[in-house]
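Q: Got a structure for you, written out below as C-alpha cells; questions coming shortly.
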Amino acid sequence: AYWVATYRSVSDPDALAAYAKLSGPAIVAAGGRILVRGMPAHTYEAGLAQRTVVTEFASVEHPKAAHDSPVYQEALQAQAGAAEGDIRIVEAA
C-alpha cells in the first residue's frame with residue numbers, strides 16, 4: 001500500500017519541518033518507507049506542481065495505524081494551519 005501526501009500550499013515551513021520531524025518516527029514505526037519527497041520534476045496534463053510524499057507500506061492497515069497513532073496525531077498538531085494538503089492511502093496493484 002502507498003500513503004500519498006500532497007501539499008497545495010505551505011504557509012509556515014518551520015511548522016511543516018516540525019511536523020516532519022515528529023511524523024517520521026510514527027510512519028517508520030508502522031513499517032513505512034519513504035520513496036518520494038519533494039516537488040515534481042515535471043508535471044503533465046492537469047498535473048499540479050505540489051510538494052508530494054509517497055511512502056510504501058506492507059498493507060493498507062499499516063498506514064492507517066500510523067495515521068491514527070498518538071505520535072502522528074501529535075505531529076498533525078505541530079503543523080496545524082501551516083499547510084493545506086491531503087493524504088490518500090492506495091492499495092498496490
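Convention: chains lettered A, B, ... in C-alpha cells order; per-chain residue numbering from 1; ligands numbered from 1 as shown.
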Near range 25-29 of chain A, counting only C-alpha atoms, which residues have an atom at most 10 Å away, once you skip same-chain residues fewer than 5 positions from it, shown as a short mmCIF file (atom, residue, chain, number, x, y, z; two decimals) with N, CA and C atoms, in the first residue's frame?
A:
data_model
loop_
_atom_site.label_atom_id
_atom_site.label_comp_id
_atom_site.auth_asym_id
_atom_site.auth_seq_id
_atom_site.Cartn_x
_atom_site.Cartn_y
_atom_site.Cartn_z
N TRP A 3 1.01 5.51 0.87
CA TRP A 3 0.49 6.73 1.50
C TRP A 3 0.99 7.84 0.59
N ALA A 20 7.32 17.11 10.12
CA ALA A 20 8.12 16.05 9.50
C ALA A 20 8.99 15.33 10.52
N ILE A 34 9.78 5.81 3.12
CA ILE A 34 9.55 6.97 2.25
C ILE A 34 10.29 6.75 0.94
N THR A 55 4.96 7.12 0.47
CA THR A 55 5.53 6.18 1.43
C THR A 55 4.94 4.81 1.17
N GLU A 56 5.80 3.81 1.18
CA GLU A 56 5.39 2.42 0.93
C GLU A 56 5.18 1.68 2.25
N PHE A 57 4.13 0.87 2.30
CA PHE A 57 3.81 0.04 3.47
C PHE A 57 3.48 -1.37 3.00
N HIS A 62 -1.29 -0.83 7.75
CA HIS A 62 -0.10 -0.17 8.32
C HIS A 62 -0.17 1.36 8.25
N PRO A 63 -0.46 1.97 7.09
CA PRO A 63 -0.55 3.44 7.08
C PRO A 63 -1.72 3.95 7.90
N LYS A 64 -2.82 3.19 7.94
CA LYS A 64 -3.95 3.61 8.78
C LYS A 64 -3.52 3.64 10.24
N ALA A 65 -2.77 2.61 10.67
CA ALA A 65 -2.28 2.57 12.06
C ALA A 65 -1.32 3.73 12.32
N ALA A 66 -0.46 4.04 11.36
CA ALA A 66 0.47 5.17 11.52
C ALA A 66 -0.30 6.47 11.69
N HIS A 67 -1.27 6.70 10.83
CA HIS A 67 -2.05 7.94 10.88
C HIS A 67 -2.81 8.09 12.19
N ASP A 68 -3.36 6.99 12.68
CA ASP A 68 -4.19 7.04 13.88
C ASP A 68 -3.39 6.97 15.18
N SER A 69 -2.07 6.80 15.08
CA SER A 69 -1.24 6.68 16.28
C SER A 69 -1.15 8.01 17.03
N PRO A 70 -0.95 7.96 18.35
CA PRO A 70 -0.79 9.19 19.13
C PRO A 70 0.39 10.05 18.66
N VAL A 71 1.47 9.40 18.24
CA VAL A 71 2.65 10.16 17.80
C VAL A 71 2.33 10.95 16.53
N TYR A 72 1.64 10.33 15.59
CA TYR A 72 1.29 11.04 14.35
C TYR A 72 0.27 12.14 14.64
N GLN A 73 -0.67 11.89 15.51
CA GLN A 73 -1.64 12.93 15.86
C GLN A 73 -0.95 14.13 16.48
N GLU A 74 0.10 13.89 17.25
CA GLU A 74 0.91 14.99 17.80
C GLU A 74 1.58 15.78 16.67
N ALA A 75 2.07 15.05 15.67
CA ALA A 75 2.69 15.70 14.52
C ALA A 75 1.69 16.59 13.80
#
Q: May I have all residues of chain A that DSSP, computed from the backbone, assigns to alpha helix (DSSP H), given as a PyMOL selection string?
A: chain A and resi 13-29+61-68+70-78
Q: Using only C-alpha atoms, which of the listed residues (A:Pro40, A:Gly47, A:Gly85, A:Gly31) sits closest to Val10 in chain A?
A: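 Selected residue with least distance to Val10 in chain A: A:Gly85.
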Q: Just to confirm, what's the straight-line distance from CA of Tyr44 in chain A to CA of Ser9 in chain A in Å (one decimal)?
A: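 Computed distance, CA of Tyr44 in chain A to CA of Ser9 in chain A, equals 19.4 Å.
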Q: Select from chain A everything DSSP, run on the backbone, classes as strand (DSSP E), then give the selection as a list in words.
A: Tyr2, Trp3, Val4, Ala5, Thr6, Tyr7, Arg8, Ser9, Val10, Arg33, Ile34, Leu35, Val36, Arg37, Gly38, Arg51, Thr52, Val53, Val54, Thr55, Glu56, Ala83, Glu84, Gly85, Asp86, Ile87, Arg88, Ile89 and Val90 of chain A
Q: Would you work out the distance separating CA of Arg37 in chain A from CA of Glu91 in chain A, expressed in Å to one decimal?
A: 19.1 Å
Q: Skip Asp12 in chain A itself and residues of its chain fewer than 3 positions away, then list as a PyMOL selection string all residues within 8 Å of it, counting only C-alpha atoms.
A: chain A and resi 15-16+82-83
Q: CA of Val36 in chain A and CA of Ala17 in chain A are how many Å apart?
A: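 Interatomic distance here is 16.2 Å.
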Q: Using only C-alpha atoms, which residue out of A:Val53, A:Ala30, A:Ala18, A:Ala1 lies closest to Val90 in chain A?
A: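 Result for the nearest residue to Val90 in chain A: A:Ala1.
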